$ cat data.txt   # compact mmCIF, C-alpha atoms (C1' of nucleotides)
# COMPACT_ATOMS: atom_id res chain seq x y z
CA MET A 22 -170.10 88.77 -174.27
CA PRO A 23 -166.56 90.10 -174.22
CA ASP A 24 -165.72 93.34 -175.89
CA ARG A 25 -164.71 92.35 -179.38
CA LYS A 26 -163.96 95.84 -180.61
CA ALA A 27 -160.86 95.37 -182.69
CA ARG A 28 -159.06 98.16 -180.89
CA ARG A 29 -155.33 97.99 -180.84
CA LEU A 30 -153.86 95.30 -178.67
CA SER A 31 -151.55 96.17 -175.80
CA ARG A 32 -149.93 94.37 -172.88
CA GLU A 33 -152.36 96.14 -170.58
CA ARG A 34 -155.47 95.01 -172.45
CA VAL A 35 -154.24 91.42 -172.64
CA VAL A 36 -153.38 91.32 -168.95
CA GLU A 37 -156.79 92.62 -167.97
CA ALA A 38 -158.58 90.13 -170.20
CA GLY A 39 -156.46 87.38 -168.65
CA LEU A 40 -157.34 88.52 -165.16
CA ASP A 41 -161.04 88.50 -166.06
CA LEU A 42 -160.67 84.92 -167.22
CA ILE A 43 -158.97 83.93 -163.96
CA ASN A 44 -161.62 85.62 -161.86
CA GLN A 45 -164.59 84.17 -163.71
CA LYS A 46 -163.22 80.70 -164.40
CA SER A 47 -159.76 79.66 -163.25
CA VAL A 48 -156.11 79.95 -164.10
CA ASP A 49 -156.40 76.85 -166.28
CA ALA A 50 -158.95 78.68 -168.42
CA VAL A 51 -156.24 81.12 -169.48
CA THR A 52 -155.02 79.67 -172.75
CA MET A 53 -153.52 81.60 -175.60
CA ARG A 54 -156.48 80.59 -177.72
CA SER A 55 -159.29 81.45 -175.29
CA LEU A 56 -157.59 84.70 -174.38
CA ALA A 57 -157.25 85.64 -178.04
CA GLN A 58 -160.89 84.81 -178.63
CA ALA A 59 -161.97 87.00 -175.73
CA LEU A 60 -160.00 89.84 -177.29
CA GLY A 61 -161.36 89.18 -180.77
CA VAL A 62 -157.97 88.42 -182.17
CA THR A 63 -155.81 85.57 -183.44
CA PRO A 64 -153.72 83.62 -180.89
CA MET A 65 -150.56 84.65 -182.67
CA ALA A 66 -151.30 88.33 -182.15
CA LEU A 67 -150.44 87.84 -178.47
CA TYR A 68 -146.89 86.94 -179.38
CA ASN A 69 -146.29 90.48 -180.55
CA HIS A 70 -146.69 91.64 -176.96
CA PHE A 71 -145.45 88.70 -174.89
CA GLY A 72 -142.58 86.28 -175.25
CA GLY A 73 -144.89 83.37 -174.57
CA LYS A 74 -147.41 82.05 -172.08
CA ARG A 75 -144.92 82.14 -169.20
CA ASP A 76 -144.27 85.80 -169.78
CA LEU A 77 -147.98 86.49 -170.03
CA LEU A 78 -148.82 84.76 -166.75
CA ARG A 79 -145.98 86.56 -165.05
CA ALA A 80 -147.34 89.88 -166.26
CA ILE A 81 -150.75 89.04 -164.82
CA ALA A 82 -149.22 88.16 -161.46
CA GLU A 83 -147.25 91.39 -161.39
CA HIS A 84 -150.32 93.40 -162.30
CA VAL A 85 -152.25 91.99 -159.34
CA ILE A 86 -149.48 92.32 -156.80
CA GLY A 87 -148.40 95.71 -158.03
CA ARG A 88 -151.79 97.30 -157.33
CA VAL A 89 -151.66 96.52 -153.63
CA GLU A 90 -150.21 98.48 -150.75
CA PHE A 91 -148.48 96.07 -148.40
CA ASP A 92 -147.04 98.77 -146.19
CA ALA A 93 -149.70 100.23 -143.89
CA GLY A 94 -147.19 102.12 -141.76
CA HIS A 95 -148.08 100.35 -138.54
CA PRO A 96 -146.05 101.49 -135.55
CA ASP A 97 -145.52 97.94 -134.24
CA TRP A 98 -143.95 95.22 -136.35
CA GLN A 99 -146.70 92.72 -135.46
CA GLY A 100 -149.34 94.97 -136.97
CA GLN A 101 -147.24 95.42 -140.07
CA ILE A 102 -146.85 91.66 -140.52
CA ARG A 103 -150.55 91.03 -139.96
CA HIS A 104 -151.54 93.65 -142.53
CA CYS A 105 -149.01 92.43 -145.08
CA PHE A 106 -150.06 88.78 -145.10
CA ARG A 107 -153.79 89.36 -144.61
CA THR A 108 -153.54 91.51 -147.74
CA LEU A 109 -151.65 88.83 -149.65
CA ARG A 110 -154.25 86.27 -148.63
CA THR A 111 -157.12 88.52 -149.67
CA ILE A 112 -155.88 89.01 -153.22
CA CYS A 113 -155.21 85.27 -153.50
CA LEU A 114 -158.80 84.53 -152.58
CA GLU A 115 -160.05 87.16 -155.00
CA HIS A 116 -158.21 85.56 -157.89
CA PRO A 117 -158.49 81.77 -157.69
CA GLY A 118 -155.33 80.06 -158.85
CA LEU A 119 -153.12 83.04 -158.08
CA PRO A 120 -151.16 81.06 -155.46
CA ARG A 121 -150.24 78.53 -158.12
CA LEU A 122 -149.18 81.39 -160.36
CA LEU A 123 -146.97 82.80 -157.61
CA GLU A 124 -145.60 79.55 -156.25
CA ILE A 125 -144.84 77.47 -159.22
CA GLU A 126 -145.17 78.51 -162.81
CA GLY A 127 -141.98 80.50 -162.59
CA ALA A 128 -144.31 83.45 -162.95
CA ALA A 129 -143.45 84.72 -159.54
CA PRO A 130 -140.24 86.64 -159.99
CA PRO A 131 -140.12 90.23 -159.00
CA SER A 132 -143.66 90.74 -157.79
CA VAL A 133 -143.88 88.41 -154.78
CA PHE A 134 -140.90 90.17 -153.39
CA THR A 135 -142.64 93.47 -152.87
CA PRO A 136 -144.15 92.18 -149.62
CA MET A 137 -140.72 90.75 -148.86
CA GLU A 138 -139.16 94.14 -148.34
CA VAL A 139 -141.82 95.43 -145.99
CA ALA A 140 -142.07 92.14 -144.10
CA ALA A 141 -138.32 91.79 -143.75
CA ALA A 142 -138.04 95.35 -142.46
CA ALA A 143 -140.72 94.65 -139.85
CA LEU A 144 -138.99 91.46 -138.77
CA GLU A 145 -135.68 93.22 -138.34
CA ARG A 146 -137.48 95.68 -136.08
CA ALA A 147 -138.61 92.62 -134.10
CA GLY A 148 -134.96 91.87 -133.44
CA LEU A 149 -134.07 89.33 -136.13
CA ASN A 150 -130.97 89.70 -138.26
CA GLU A 151 -131.22 90.01 -142.04
CA LEU A 152 -130.83 86.31 -142.78
CA ASP A 153 -133.37 85.18 -140.20
CA SER A 154 -135.82 87.84 -141.41
CA LEU A 155 -135.68 86.41 -144.92
CA ARG A 156 -136.15 82.88 -143.60
CA THR A 157 -139.14 83.99 -141.60
CA PHE A 158 -140.56 85.76 -144.63
CA TYR A 159 -140.53 82.43 -146.48
CA VAL A 160 -142.34 80.76 -143.60
CA LEU A 161 -145.03 83.42 -143.74
CA VAL A 162 -145.42 83.51 -147.51
CA GLY A 163 -145.50 79.71 -147.81
CA PHE A 164 -148.07 79.53 -145.05
CA THR A 165 -150.26 82.24 -146.55
CA LEU A 166 -150.22 80.89 -150.10
CA SER A 167 -150.88 77.31 -149.04
CA GLN A 168 -153.77 78.33 -146.81
CA ALA A 169 -155.31 80.28 -149.67
CA SER A 170 -154.86 77.27 -151.97
CA TYR A 171 -156.55 74.93 -149.53
CA GLN A 172 -159.45 77.32 -149.18
CA THR A 173 -159.81 77.78 -152.93
CA PHE A 174 -159.85 74.02 -153.51
CA ARG A 175 -161.86 73.47 -150.33
CA VAL A 176 -159.33 71.12 -148.84
CA GLY A 177 -160.25 70.65 -145.22
CA PRO A 178 -159.30 67.87 -142.83
CA ARG A 179 -160.81 64.46 -143.50
CA VAL A 180 -161.91 63.98 -139.94
CA GLU A 181 -165.36 64.58 -138.52
CA LEU A 182 -165.54 67.84 -136.61
CA ALA A 183 -168.25 69.46 -134.56
CA ALA A 184 -168.40 72.51 -136.82
CA PRO A 185 -167.46 73.03 -140.49
CA TRP A 186 -163.86 74.03 -141.06
CA ASP A 187 -163.33 77.77 -140.57
CA PHE A 188 -160.61 78.87 -142.98
CA ASP A 189 -160.50 82.43 -141.68
CA ALA A 190 -160.00 81.34 -138.09
CA SER A 191 -157.40 78.80 -139.20
CA PHE A 192 -155.42 81.47 -141.02
CA GLU A 193 -155.54 83.89 -138.10
CA TYR A 194 -154.47 81.15 -135.71
CA GLY A 195 -151.48 80.25 -137.87
CA LEU A 196 -150.50 83.88 -138.31
CA GLU A 197 -150.50 84.46 -134.54
CA LEU A 198 -148.62 81.20 -134.01
CA ILE A 199 -145.82 82.37 -136.27
CA ILE A 200 -145.74 85.86 -134.75
CA THR A 201 -145.54 84.29 -131.31
CA GLY A 202 -142.68 82.14 -132.55
CA VAL A 203 -140.84 85.23 -133.78
CA GLU A 204 -141.33 86.99 -130.45
CA ALA A 205 -140.01 84.00 -128.50
CA THR A 206 -137.08 83.51 -130.88
CA ALA A 207 -136.11 87.18 -130.71
CA ALA A 208 -136.39 87.23 -126.91
CA ARG A 209 -134.22 84.14 -126.67
CA LYS A 210 -131.54 85.70 -128.86
CA GLY A 211 -131.73 89.06 -127.19
CA ARG A 212 -130.68 87.73 -123.84
CA MET B 27 -134.37 51.82 -172.46
CA PRO B 28 -137.53 50.96 -170.56
CA ASP B 29 -138.62 47.39 -170.14
CA ARG B 30 -140.98 46.81 -173.01
CA LYS B 31 -141.81 43.22 -172.15
CA ALA B 32 -145.49 42.98 -172.86
CA ARG B 33 -146.20 41.55 -169.43
CA ARG B 34 -149.66 42.08 -168.06
CA LEU B 35 -150.41 45.61 -167.00
CA SER B 36 -151.36 46.37 -163.41
CA ARG B 37 -151.90 49.44 -161.26
CA GLU B 38 -148.64 48.67 -159.50
CA ARG B 39 -146.60 48.53 -162.72
CA VAL B 40 -148.14 51.75 -164.03
CA VAL B 41 -147.55 53.59 -160.77
CA GLU B 42 -143.91 52.55 -160.67
CA ALA B 43 -143.35 53.59 -164.28
CA GLY B 44 -144.97 56.93 -163.48
CA LEU B 45 -142.72 57.40 -160.48
CA ASP B 46 -139.66 56.67 -162.61
CA LEU B 47 -140.79 59.34 -165.02
CA ILE B 48 -141.21 61.86 -162.18
CA ASN B 49 -137.81 61.06 -160.72
CA GLN B 50 -135.91 61.22 -163.98
CA LYS B 51 -137.75 64.13 -165.60
CA SER B 52 -140.60 65.90 -163.83
CA VAL B 53 -144.25 65.60 -163.01
CA ASP B 54 -145.09 67.34 -166.28
CA ALA B 55 -143.41 64.50 -168.14
CA VAL B 56 -146.06 62.13 -166.87
CA THR B 57 -148.55 62.06 -169.72
CA MET B 58 -150.84 59.19 -170.58
CA ARG B 59 -149.01 58.85 -173.86
CA SER B 60 -145.42 58.90 -172.58
CA LEU B 61 -146.35 56.60 -169.73
CA ALA B 62 -147.97 54.16 -172.13
CA GLN B 63 -144.93 54.23 -174.36
CA ALA B 64 -142.62 53.52 -171.43
CA LEU B 65 -144.77 50.48 -170.66
CA GLY B 66 -144.89 49.34 -174.29
CA VAL B 67 -148.62 49.74 -174.48
CA THR B 68 -151.34 51.90 -175.99
CA PRO B 69 -152.47 54.99 -174.02
CA MET B 70 -155.96 53.58 -173.81
CA ALA B 71 -154.74 50.48 -171.99
CA LEU B 72 -154.18 52.65 -168.91
CA TYR B 73 -157.88 53.39 -168.72
CA ASN B 74 -158.54 49.77 -167.84
CA HIS B 75 -156.73 50.33 -164.55
CA PHE B 76 -157.35 54.01 -163.74
CA GLY B 77 -160.35 56.25 -164.05
CA GLY B 78 -158.23 58.93 -165.69
CA LYS B 79 -155.09 60.97 -165.23
CA ARG B 80 -156.28 62.44 -161.92
CA ASP B 81 -156.77 58.98 -160.49
CA LEU B 82 -153.37 57.90 -161.78
CA LEU B 83 -151.54 60.86 -160.22
CA ARG B 84 -153.34 60.30 -156.96
CA ALA B 85 -152.23 56.66 -156.95
CA ILE B 86 -148.62 57.74 -157.47
CA ALA B 87 -148.84 60.18 -154.55
CA GLU B 88 -150.33 57.52 -152.31
CA HIS B 89 -147.66 55.04 -153.29
CA VAL B 90 -144.89 57.45 -152.28
CA ILE B 91 -146.45 58.58 -149.01
CA GLY B 92 -147.59 55.10 -148.07
CA ARG B 93 -144.06 53.67 -148.06
CA VAL B 94 -142.84 56.07 -145.40
CA GLU B 95 -142.89 55.80 -141.61
CA PHE B 96 -143.82 59.16 -140.15
CA ASP B 97 -144.04 57.88 -136.60
CA ALA B 98 -140.58 57.39 -135.11
CA GLY B 99 -141.86 56.87 -131.58
CA HIS B 100 -139.99 59.83 -130.13
CA PRO B 101 -140.59 60.37 -126.41
CA ASP B 102 -140.93 64.17 -126.75
CA TRP B 103 -143.45 65.78 -129.09
CA GLN B 104 -140.85 68.15 -130.55
CA GLY B 105 -138.77 65.21 -131.77
CA GLN B 106 -141.85 63.61 -133.27
CA ILE B 107 -142.74 66.79 -135.16
CA ARG B 108 -139.19 67.24 -136.42
CA HIS B 109 -139.02 63.67 -137.69
CA CYS B 110 -142.43 63.84 -139.32
CA PHE B 111 -141.82 66.95 -141.39
CA ARG B 112 -138.16 66.30 -142.16
CA THR B 113 -139.37 63.02 -143.62
CA LEU B 114 -142.10 64.71 -145.64
CA ARG B 115 -139.57 67.19 -146.96
CA THR B 116 -137.10 64.45 -147.88
CA ILE B 117 -139.55 62.53 -150.04
CA CYS B 118 -140.63 65.78 -151.70
CA LEU B 119 -137.04 66.52 -152.67
CA GLU B 120 -136.55 62.96 -153.90
CA HIS B 121 -139.50 63.24 -156.26
CA PRO B 122 -139.53 66.67 -157.92
CA GLY B 123 -143.03 67.96 -158.42
CA LEU B 124 -144.50 65.88 -155.61
CA PRO B 125 -145.48 69.02 -153.66
CA ARG B 126 -147.57 70.15 -156.59
CA LEU B 127 -149.13 66.70 -156.71
CA LEU B 128 -149.98 66.89 -153.01
CA GLU B 129 -151.03 70.51 -152.86
CA ILE B 130 -153.06 71.08 -155.91
CA GLU B 131 -154.03 68.49 -158.46
CA GLY B 132 -156.68 67.11 -156.17
CA ALA B 133 -154.37 64.13 -156.02
CA ALA B 134 -153.76 64.67 -152.36
CA PRO B 135 -156.69 63.08 -150.62
CA PRO B 136 -156.08 60.30 -148.18
CA SER B 137 -152.34 60.08 -148.33
CA VAL B 138 -151.22 63.48 -147.05
CA PHE B 139 -153.28 62.86 -143.98
CA THR B 140 -151.17 60.00 -142.73
CA PRO B 141 -148.65 62.47 -141.27
CA MET B 142 -151.62 64.42 -139.99
CA GLU B 143 -152.56 61.78 -137.45
CA VAL B 144 -149.10 61.44 -135.96
CA ALA B 145 -148.48 65.19 -136.02
CA ALA B 146 -151.83 66.02 -134.46
CA ALA B 147 -151.24 63.45 -131.71
CA ALA B 148 -147.84 64.99 -130.95
CA LEU B 149 -149.31 68.50 -130.86
CA GLU B 150 -152.03 67.43 -128.44
CA ARG B 151 -149.27 66.10 -126.21
CA ALA B 152 -147.79 69.61 -126.43
CA GLY B 153 -150.95 70.91 -124.82
CA LEU B 154 -153.04 72.04 -127.82
CA ASN B 155 -156.66 71.04 -128.18
CA GLU B 156 -157.84 69.04 -131.19
CA LEU B 157 -158.83 72.03 -133.29
CA ASP B 158 -155.62 73.96 -132.69
CA SER B 159 -153.59 70.81 -133.40
CA LEU B 160 -155.20 70.53 -136.83
CA ARG B 161 -154.60 74.20 -137.53
CA THR B 162 -150.98 73.84 -136.56
CA PHE B 163 -150.67 70.77 -138.76
CA TYR B 164 -151.72 72.88 -141.73
CA VAL B 165 -149.11 75.49 -140.85
CA LEU B 166 -146.45 72.81 -140.80
CA VAL B 167 -147.52 70.99 -143.93
CA GLY B 168 -147.91 74.21 -145.93
CA PHE B 169 -144.52 75.38 -144.76
CA THR B 170 -142.82 72.08 -145.58
CA LEU B 171 -144.34 71.68 -149.04
CA SER B 172 -143.67 75.27 -150.06
CA GLN B 173 -140.06 75.11 -148.90
CA ALA B 174 -139.56 71.93 -150.91
CA SER B 175 -141.14 73.60 -153.95
CA TYR B 176 -138.89 76.63 -153.70
CA GLN B 177 -135.84 74.38 -153.43
CA THR B 178 -136.89 72.24 -156.38
CA PHE B 179 -137.42 75.30 -158.55
CA ARG B 180 -134.40 77.03 -157.02
CA VAL B 181 -136.40 80.05 -155.90
CA GLY B 182 -134.20 82.01 -153.55
CA PRO B 183 -134.42 85.64 -152.53
CA ARG B 184 -133.64 88.21 -155.21
CA VAL B 185 -131.28 90.18 -152.98
CA GLU B 186 -127.54 89.95 -152.86
CA LEU B 187 -126.34 87.92 -149.90
CA ALA B 188 -122.89 87.16 -148.57
CA ALA B 189 -123.35 83.40 -149.06
CA PRO B 190 -125.56 81.37 -151.42
CA TRP B 191 -129.01 80.55 -150.06
CA ASP B 192 -128.94 77.49 -147.77
CA PHE B 193 -132.28 75.70 -148.17
CA ASP B 194 -131.53 73.13 -145.47
CA ALA B 195 -130.73 75.78 -142.87
CA SER B 196 -133.77 77.78 -143.93
CA PHE B 197 -136.03 74.78 -143.45
CA GLU B 198 -134.58 73.94 -140.06
CA TYR B 199 -134.92 77.56 -138.95
CA GLY B 200 -138.57 77.66 -139.94
CA LEU B 201 -139.29 74.33 -138.28
CA GLU B 202 -137.79 75.53 -135.00
CA LEU B 203 -139.64 78.83 -135.32
CA ILE B 204 -142.97 77.05 -135.54
CA ILE B 205 -142.12 74.64 -132.72
CA THR B 206 -141.14 77.62 -130.57
CA GLY B 207 -144.45 79.22 -131.45
CA VAL B 208 -146.31 76.11 -130.34
CA GLU B 209 -144.42 76.01 -127.06
CA ALA B 210 -145.17 79.66 -126.32
CA THR B 211 -148.82 79.31 -127.34
CA ALA B 212 -149.30 76.22 -125.18
CA ALA B 213 -147.56 77.85 -122.20
CA ARG B 214 -149.77 80.93 -122.57
CA LYS B 215 -152.93 78.82 -122.62
CA GLY B 216 -151.78 76.56 -119.82
CA ARG B 217 -151.56 79.32 -117.29
C1' DA C 17 -161.61 41.46 -168.95
C1' DC C 18 -158.21 43.63 -171.32
C1' DC C 19 -156.08 45.92 -175.25
C1' DT C 20 -155.88 48.38 -180.00
C1' DG C 21 -156.76 52.08 -183.68
C1' DA C 22 -158.88 55.83 -185.25
C1' DA C 23 -160.91 59.95 -184.10
C1' DC C 24 -162.31 64.34 -181.44
C1' DA C 25 -161.51 68.52 -179.32
C1' DC C 26 -158.13 70.66 -177.38
C1' DC C 27 -153.02 72.76 -176.27
C1' DG C 28 -148.40 76.21 -177.19
C1' DT C 29 -145.67 77.66 -180.73
C1' DT C 30 -143.20 78.23 -185.56
C1' DC C 31 -143.16 80.01 -189.96
C1' DA C 32 -144.38 82.41 -194.14
C1' DA C 33 -147.31 85.73 -195.71
C1' DG C 34 -149.90 89.84 -195.68
C1' DT C 35 -150.59 95.21 -194.41
C1' DA D 23 -144.64 97.05 -186.33
C1' DC D 24 -148.46 94.37 -186.01
C1' DC D 25 -151.71 90.78 -187.36
C1' DT D 26 -153.46 86.47 -189.99
C1' DG D 27 -153.70 81.45 -191.62
C1' DA D 28 -151.98 77.20 -192.01
C1' DA D 29 -149.29 73.87 -189.98
C1' DC D 30 -146.54 71.04 -186.39
C1' DA D 31 -146.08 68.36 -182.48
C1' DC D 32 -148.26 67.66 -178.70
C1' DC D 33 -152.35 66.79 -174.95
C1' DG D 34 -156.64 63.76 -172.36
C1' DT D 35 -160.36 61.16 -173.53
C1' DT D 36 -164.40 58.68 -176.25
C1' DC D 37 -165.95 55.12 -178.98
C1' DA D 38 -166.19 50.96 -181.73
C1' DA D 39 -163.78 47.05 -182.61
C1' DG D 40 -160.97 43.13 -181.70
C1' DT D 41 -159.31 38.88 -178.54
$ encode --input "data.txt" --output "structure tokens"
Amino acid sequence: MPDRKARRLSRERVVEAGLDLINQKSVDAVTMRSLAQALGVTPMALYNHFGGKRDLLRAIAEHVIGRVEFDAGHPDWQGQIRHCFRTLRTICLEHPGLPRLLEIEGAAPPSVFTPMEVAAAALERAGLNELDSLRTFYVLVGFTLSQASYQTFRVGPRVELAAPWDFDASFEYGLELIITGVEATAARKGR
Amino acid sequence: MPDRKARRLSRERVVEAGLDLINQKSVDAVTMRSLAQALGVTPMALYNHFGGKRDLLRAIAEHVIGRVEFDAGHPDWQGQIRHCFRTLRTICLEHPGLPRLLEIEGAAPPSVFTPMEVAAAALERAGLNELDSLRTFYVLVGFTLSQASYQTFRVGPRVELAAPWDFDASFEYGLELIITGVEATAARKGR
DNA sequence: ACCTGAACACCGTTCAAGT
DNA sequence: ACCTGAACACCGTTCAAGT
């Protein structure tokens, strides 16, 4: 039973209703019509606050990312990187379909690049130049989002394993693998 | 001007028409209706050969992946890994939207896991156990698909750089970073 | 076995009209 | 400035009918 009180519409209210829909169903469940119904309003009313569905989805993505603190002020760059991408993964798992929102729909723009600044700064502390830091950021963000997608859609390997696939352990392994790669790359350059 | 000859329909003909549509427009352009029109047939005719759109998209993905040789018989595992994921990236760039097909739609199933076997074998040669090889495979495949997606949608960093973003160099850098990470991880375990 | 035609229950979005 | 109602041009899919 959504709140149908015909209060005034606002970007904020629409975004929150959209987020509820994503959390309880999926990102595909967010249609202009279903969203309007949840708000007790006509689909066309949404167009007074958003340019279109693209704009709306982008606003939802920004809302989610904007609420999070990616910078934990860790003294070592490895800790900073771990915190940053564990956090990104966590919010992706909380909101199924968010990776798709961030990766594809063109909804990504400014928001995904909040973690970029903190991650890039940490990587430069590791000894990478600006360009290589950005490249490494893309490795990390692509890895994190795809792992979250696989987990959401329960895509595990098609081979028979002794134990069920452990998505948490798989993520941590990959994260350490990349960090190790950065360390080795930086050491190689440094000498 | 598509070939409208009312030849007999077949899975093969439908898949190839679908692939043409992906290549010339995008994966969103593949609708049951547009595909039927391109084949000079009624949308419902497709349902005699496919269970539904999901099944159809999956068949297209399998067709693309199945035609490719991921195993180049390189003597060293690094060369094998490079070949495998450069190849995966190449076919993703040739068919815009293929990453989305492979990552999300549930179209992925058996086909994406052809490169898995050859990559996992190479990684075990590098000194990883079976579980860690699979985990590393997921790092590589997530990285490769996301990089191809970013390139297709021209998502580069939002900061001002001296030169335009070089997607090829960025991919190669990430690939070497991960390989370096594998080497360091294996060396650490080995001792 | 294979294909058609009409219909159903959806989409995002435009446009003219109301207040 | 904000919202409604009707309409347009799309979707995937079901179902009954043809051959």
$ residues_around --input "data.txt" --residues "range 182-197 of chain A" --least-positions-apart "3" --cutoff "12 Å" --atoms "all atoms listed in the file" --output "number ranges by chain"
A: 99-100, 102-107, 109-111, 114, 157-158, 160-179, 200-204; B: 156-169, 204, 207-208, 210-211
$ write_last_selection --input "data.txt" --atoms "C-alpha atoms" --output "CSV table (one decimal), in the coordinates of the input"
chain,number,residue,atom,x,y,z
A,99,GLN,CA,-146.7,92.7,-135.5
A,100,GLY,CA,-149.3,95.0,-137.0
A,102,ILE,CA,-146.8,91.7,-140.5
A,103,ARG,CA,-150.6,91.0,-140.0
A,104,HIS,CA,-151.5,93.6,-142.5
A,105,CYS,CA,-149.0,92.4,-145.1
A,106,PHE,CA,-150.1,88.8,-145.1
A,107,ARG,CA,-153.8,89.4,-144.6
A,109,LEU,CA,-151.6,88.8,-149.6
A,110,ARG,CA,-154.2,86.3,-148.6
A,111,THR,CA,-157.1,88.5,-149.7
A,114,LEU,CA,-158.8,84.5,-152.6
A,157,THR,CA,-139.1,84.0,-141.6
A,158,PHE,CA,-140.6,85.8,-144.6
A,160,VAL,CA,-142.3,80.8,-143.6
A,161,LEU,CA,-145.0,83.4,-143.7
A,162,VAL,CA,-145.4,83.5,-147.5
A,163,GLY,CA,-145.5,79.7,-147.8
A,164,PHE,CA,-148.1,79.5,-145.0
A,165,THR,CA,-150.3,82.2,-146.6
A,166,LEU,CA,-150.2,80.9,-150.1
A,167,SER,CA,-150.9,77.3,-149.0
A,168,GLN,CA,-153.8,78.3,-146.8
A,169,ALA,CA,-155.3,80.3,-149.7
A,170,SER,CA,-154.9,77.3,-152.0
A,171,TYR,CA,-156.6,74.9,-149.5
A,172,GLN,CA,-159.4,77.3,-149.2
A,173,THR,CA,-159.8,77.8,-152.9
A,174,PHE,CA,-159.8,74.0,-153.5
A,175,ARG,CA,-161.9,73.5,-150.3
A,176,VAL,CA,-159.3,71.1,-148.8
A,177,GLY,CA,-160.2,70.6,-145.2
A,178,PRO,CA,-159.3,67.9,-142.8
A,179,ARG,CA,-160.8,64.5,-143.5
A,200,ILE,CA,-145.7,85.9,-134.8
A,201,THR,CA,-145.5,84.3,-131.3
A,202,GLY,CA,-142.7,82.1,-132.6
A,203,VAL,CA,-140.8,85.2,-133.8
A,204,GLU,CA,-141.3,87.0,-130.4
B,156,GLU,CA,-157.8,69.0,-131.2
B,157,LEU,CA,-158.8,72.0,-133.3
B,158,ASP,CA,-155.6,74.0,-132.7
B,159,SER,CA,-153.6,70.8,-133.4
B,160,LEU,CA,-155.2,70.5,-136.8
B,161,ARG,CA,-154.6,74.2,-137.5
B,162,THR,CA,-151.0,73.8,-136.6
B,163,PHE,CA,-150.7,70.8,-138.8
B,164,TYR,CA,-151.7,72.9,-141.7
B,165,VAL,CA,-149.1,75.5,-140.8
B,166,LEU,CA,-146.4,72.8,-140.8
B,167,VAL,CA,-147.5,71.0,-143.9
B,168,GLY,CA,-147.9,74.2,-145.9
B,169,PHE,CA,-144.5,75.4,-144.8
B,204,ILE,CA,-143.0,77.0,-135.5
B,207,GLY,CA,-144.4,79.2,-131.4
B,208,VAL,CA,-146.3,76.1,-130.3
B,210,ALA,CA,-145.2,79.7,-126.3
B,211,THR,CA,-148.8,79.3,-127.3
$ interface_residues --input "data.txt" --of "chain D" --to "chain B" --cutoff "10 Å" --atoms "only C-alpha atoms (C1' of nucleotides)" --output "short mmCIF file (atom, residue, chain, number, x, y, z; two decimals) with C-alpha atoms (C1' of nucleotides), keeping the file's coordinate frame"
data_model
loop_
_atom_site.label_atom_id
_atom_site.label_comp_id
_atom_site.auth_asym_id
_atom_site.auth_seq_id
_atom_site.Cartn_x
_atom_site.Cartn_y
_atom_site.Cartn_z
"C1'" DC D 33 -152.35 66.79 -174.95
"C1'" DG D 34 -156.64 63.76 -172.36
"C1'" DT D 35 -160.36 61.16 -173.53
#
$ closest_residue --input "data.txt" --among "B:Leu47, B:Asn74, B:Ser60, B:Glu42" --to "DA17 in chain C" --atoms "all atoms listed in the file"
B:Asn74
$ atom_distance --input "data.txt" --atom1 "CA of Val53 in chain B" --atom2 "CA of Leu72 in chain B"
17.4 Å
$ residues_around --input "data.txt" --residues "DC37 in chain D" --least-positions-apart "4" --cutoff "12 Å" --atoms "only C-alpha atoms (C1' of nucleotides)" --output "VMD selection string"
(chain B and resid 70) or (chain C and resid 21 to 24)
